[in-house]
Amino acid sequence: MMDLDEDDTRRVKEIMKAAQIHLVVATLLVTVTFAAGFTLPGGYENDHDSPHKGMAILVKKPAFCAFVVTDAIAFVGSAGAVFSYFVMAANHRPKTKEELRVLKNIYRVATILQFLAMSAVVIAFVTGLYATLSHSVSLATSVCAIGCLSFIIYVLVLLLIYKGLTGETTNQ
């Protein structure tokens, strides 16, 4: 096993600095998705005589079901990212090229999980609003269209990253 050179050491510092920022975002996503799981859109049945007391009011609406599933995906993805960043912090001083490879792989996994969580939280937001606004189709549809802008932004950013990595330039 080879020891790390100066470039490798610089790369470790860059990864760990980025991971600190990512950890803040992932922690916020865990917190928000956890809270959303208990403060459900539409609220809970609170009629004392109802056999469904305490159950979600919108449980039979497909948009609500999509909200619950995507909120759970966002929670798991962001919790997985937080755990990955925790593991990175616990072993943040790789000494060999092999340990650096492991650190890079954990960072990649955490980044993918965080991207998954960010995508799922947008879908959860849109479907949660759609479920509560379904009586106003035009407003609910507008919310869905606006939510889709997030994915256009994601694609544009990824395209810019790809162009930067491949050395493509744009005419200005």
# chains A, B, ... in the order shown; residues from 1 in each chain; ligands from 1
call {"tool": "residues_around", "arguments": {"residues": "A:Ile146", "least_positions_apart": "2", "cutoff": "12 Å", "atoms": "only C-alpha atoms", "output": "PyMOL selection string"}}
result
chain A and resi 122-123+125-127+129-130+139-144+148-153
call {"tool": "residues_around", "arguments": {"residues": "A:Ile15", "least_positions_apart": "2", "cutoff": "12 Å", "atoms": "only C-alpha atoms", "output": "VMD selection string"}}
result
chain A and resid 8 to 13 17 to 23 85 88 to 89 92 to 94 100 to 101 103 to 108 110 to 111
call {"tool": "closest_residue", "arguments": {"among": "A:Thr33, A:Gly164, A:Gly128, A:Leu156", "to": "A:Val76", "atoms": "only C-alpha atoms"}}
result
A:Thr33
call {"tool": "select_by_dssp", "arguments": {"residues": "chain A", "states": "alpha helix (DSSP H)", "output": "ChimeraX atom specification"}}
result
/A:6-38,62-90,97-133,137-166
call {"tool": "residues_around", "arguments": {"residues": "stretch 54-66 of chain A", "least_positions_apart": "6", "cutoff": "8 Å", "atoms": "only C-alpha atoms", "output": "ChimeraX atom specification"}}
result
/A:40-46,124,127-128,130-131
call {"tool": "atom_distance", "arguments": {"atom1": "atom CA of A:Phe75", "atom2": "atom CA of A:Val30"}}
result
5.3 Å
call {"tool": "residues_around", "arguments": {"residues": "A:Ala26", "least_positions_apart": "3", "cutoff": "6 Å", "atoms": "only C-alpha atoms", "output": "MDAnalysis selection string"}}
result
chainID A and resid 23 29 78 82
call {"tool": "write_last_selection", "arguments": {"atoms": "N, CA and C atoms", "output": "PDB file, in the first residue's frame"}}
result
ATOM      1  N   LEU A  23     -23.255  17.731   5.198  1.00  0.00           N
ATOM      2  CA  LEU A  23     -23.815  17.223   6.446  1.00  0.00           C
ATOM      3  C   LEU A  23     -24.896  18.160   6.987  1.00  0.00           C
ATOM      4  N   LEU A  29     -32.532  18.044   6.061  1.00  0.00           N
ATOM      5  CA  LEU A  29     -33.496  17.190   5.371  1.00  0.00           C
ATOM      6  C   LEU A  29     -34.041  16.101   6.295  1.00  0.00           C
ATOM      7  N   SER A  78     -31.599  10.869   3.362  1.00  0.00           N
ATOM      8  CA  SER A  78     -30.850  11.866   4.128  1.00  0.00           C
ATOM      9  C   SER A  78     -30.249  11.266   5.398  1.00  0.00           C
ATOM     10  N   VAL A  82     -26.336  11.279   6.326  1.00  0.00           N
ATOM     11  CA  VAL A  82     -25.799  11.721   7.618  1.00  0.00           C
ATOM     12  C   VAL A  82     -24.899  10.636   8.205  1.00  0.00           C
TER      13      VAL A  82
END
call {"tool": "closest_residue", "arguments": {"among": "A:Val87, A:Thr132, A:Ala117, A:Val69", "to": "A:Met16", "atoms": "only C-alpha atoms"}}
result
A:Val87
call {"tool": "closest_residue", "arguments": {"among": "A:Ser50, A:Asn91, A:Ser84, A:Thr39", "to": "A:Val68", "atoms": "only C-alpha atoms"}}
result
A:Thr39
call {"tool": "atom_distance", "arguments": {"atom1": "atom CA of A:Phe83", "atom2": "atom CA of A:Gln114"}}
result
11.1 Å
call {"tool": "atom_distance", "arguments": {"atom1": "atom CA of A:Val25", "atom2": "atom CA of A:Leu165"}}
result
24.4 Å
call {"tool": "decode", "arguments": {"residues": "stretch 124-159 of chain A", "atoms": "N, CA and C atoms", "output": "tab-separated table (two decimals), in the first residue's frame"}}
result
chain	number	residue	atom	x	y	z
A	124	ALA	N	-42.30	14.97	-2.43
A	124	ALA	CA	-43.15	14.94	-1.24
A	124	ALA	C	-43.85	16.28	-1.04
A	125	PHE	N	-43.12	17.35	-1.22
A	125	PHE	CA	-43.71	18.69	-1.08
A	125	PHE	C	-44.85	18.89	-2.07
A	126	VAL	N	-44.57	18.56	-3.33
A	126	VAL	CA	-45.58	18.75	-4.38
A	126	VAL	C	-46.79	17.86	-4.15
A	127	THR	N	-46.58	16.59	-3.84
A	127	THR	CA	-47.71	15.68	-3.65
A	127	THR	C	-48.49	16.01	-2.38
A	128	GLY	N	-47.81	16.47	-1.35
A	128	GLY	CA	-48.50	16.89	-0.13
A	128	GLY	C	-49.41	18.08	-0.39
A	129	LEU	N	-48.89	19.05	-1.13
A	129	LEU	CA	-49.73	20.20	-1.48
A	129	LEU	C	-50.85	19.79	-2.42
A	130	TYR	N	-50.56	18.93	-3.38
A	130	TYR	CA	-51.59	18.47	-4.31
A	130	TYR	C	-52.72	17.78	-3.54
A	131	ALA	N	-52.36	16.96	-2.57
A	131	ALA	CA	-53.38	16.24	-1.80
A	131	ALA	C	-54.29	17.19	-1.04
A	132	THR	N	-53.73	18.26	-0.52
A	132	THR	CA	-54.55	19.20	0.26
A	132	THR	C	-55.25	20.22	-0.62
A	133	LEU	N	-54.79	20.41	-1.85
A	133	LEU	CA	-55.38	21.41	-2.75
A	133	LEU	C	-56.19	20.78	-3.87
A	134	SER	N	-56.46	19.50	-3.79
A	134	SER	CA	-57.12	18.81	-4.91
A	134	SER	C	-58.51	19.35	-5.22
A	135	HIS	N	-59.12	20.06	-4.29
A	135	HIS	CA	-60.42	20.67	-4.58
A	135	HIS	C	-60.28	21.83	-5.56
A	136	SER	N	-59.07	22.36	-5.69
A	136	SER	CA	-58.78	23.43	-6.65
A	136	SER	C	-57.77	22.89	-7.65
A	137	VAL	N	-58.27	22.26	-8.71
A	137	VAL	CA	-57.41	21.58	-9.68
A	137	VAL	C	-56.39	22.53	-10.30
A	138	SER	N	-56.80	23.74	-10.62
A	138	SER	CA	-55.85	24.67	-11.25
A	138	SER	C	-54.71	25.04	-10.31
A	139	LEU	N	-55.01	25.26	-9.04
A	139	LEU	CA	-53.96	25.58	-8.07
A	139	LEU	C	-53.07	24.37	-7.82
A	140	ALA	N	-53.66	23.20	-7.67
A	140	ALA	CA	-52.88	21.97	-7.45
A	140	ALA	C	-51.97	21.69	-8.64
A	141	THR	N	-52.48	21.88	-9.85
A	141	THR	CA	-51.67	21.66	-11.05
A	141	THR	C	-50.54	22.68	-11.14
A	142	SER	N	-50.82	23.91	-10.77
A	142	SER	CA	-49.78	24.95	-10.78
A	142	SER	C	-48.64	24.58	-9.83
A	143	VAL	N	-48.99	24.08	-8.65
A	143	VAL	CA	-47.97	23.67	-7.68
A	143	VAL	C	-47.11	22.56	-8.26
A	144	CYS	N	-47.73	21.61	-8.94
A	144	CYS	CA	-46.98	20.51	-9.56
A	144	CYS	C	-46.02	21.04	-10.62
A	145	ALA	N	-46.49	21.95	-11.44
A	145	ALA	CA	-45.64	22.52	-12.49
A	145	ALA	C	-44.46	23.28	-11.89
A	146	ILE	N	-44.74	24.08	-10.86
A	146	ILE	CA	-43.67	24.82	-10.21
A	146	ILE	C	-42.66	23.86	-9.56
A	147	GLY	N	-43.15	22.79	-8.94
A	147	GLY	CA	-42.26	21.80	-8.33
A	147	GLY	C	-41.35	21.15	-9.34
A	148	CYS	N	-41.84	20.97	-10.55
A	148	CYS	CA	-41.02	20.36	-11.61
A	148	CYS	C	-39.83	21.23	-11.98
A	149	LEU	N	-39.90	22.53	-11.70
A	149	LEU	CA	-38.77	23.42	-11.98
A	149	LEU	C	-37.52	22.96	-11.23
A	150	SER	N	-37.69	22.37	-10.06
A	150	SER	CA	-36.54	21.87	-9.31
A	150	SER	C	-35.74	20.87	-10.13
A	151	PHE	N	-36.45	19.99	-10.81
A	151	PHE	CA	-35.77	18.96	-11.59
A	151	PHE	C	-35.09	19.54	-12.82
A	152	ILE	N	-35.67	20.60	-13.39
A	152	ILE	CA	-35.02	21.28	-14.51
A	152	ILE	C	-33.73	21.92	-14.01
A	153	ILE	N	-33.79	22.53	-12.84
A	153	ILE	CA	-32.60	23.14	-12.25
A	153	ILE	C	-31.54	22.07	-11.98
A	154	TYR	N	-31.95	20.93	-11.42
A	154	TYR	CA	-30.99	19.84	-11.15
A	154	TYR	C	-30.30	19.41	-12.43
A	155	VAL	N	-31.08	19.23	-13.49
A	155	VAL	CA	-30.51	18.78	-14.77
A	155	VAL	C	-29.54	19.83	-15.31
A	156	LEU	N	-29.91	21.10	-15.23
A	156	LEU	CA	-29.02	22.16	-15.72
A	156	LEU	C	-27.70	22.19	-14.95
A	157	VAL	N	-27.78	22.06	-13.64
A	157	VAL	CA	-26.56	22.06	-12.82
A	157	VAL	C	-25.69	20.85	-13.17
A	158	LEU	N	-26.31	19.67	-13.28
A	158	LEU	CA	-25.54	18.48	-13.64
A	158	LEU	C	-24.94	18.60	-15.03
A	159	LEU	N	-25.65	19.22	-15.94
A	159	LEU	CA	-25.13	19.45	-17.29
A	159	LEU	C	-23.91	20.37	-17.24
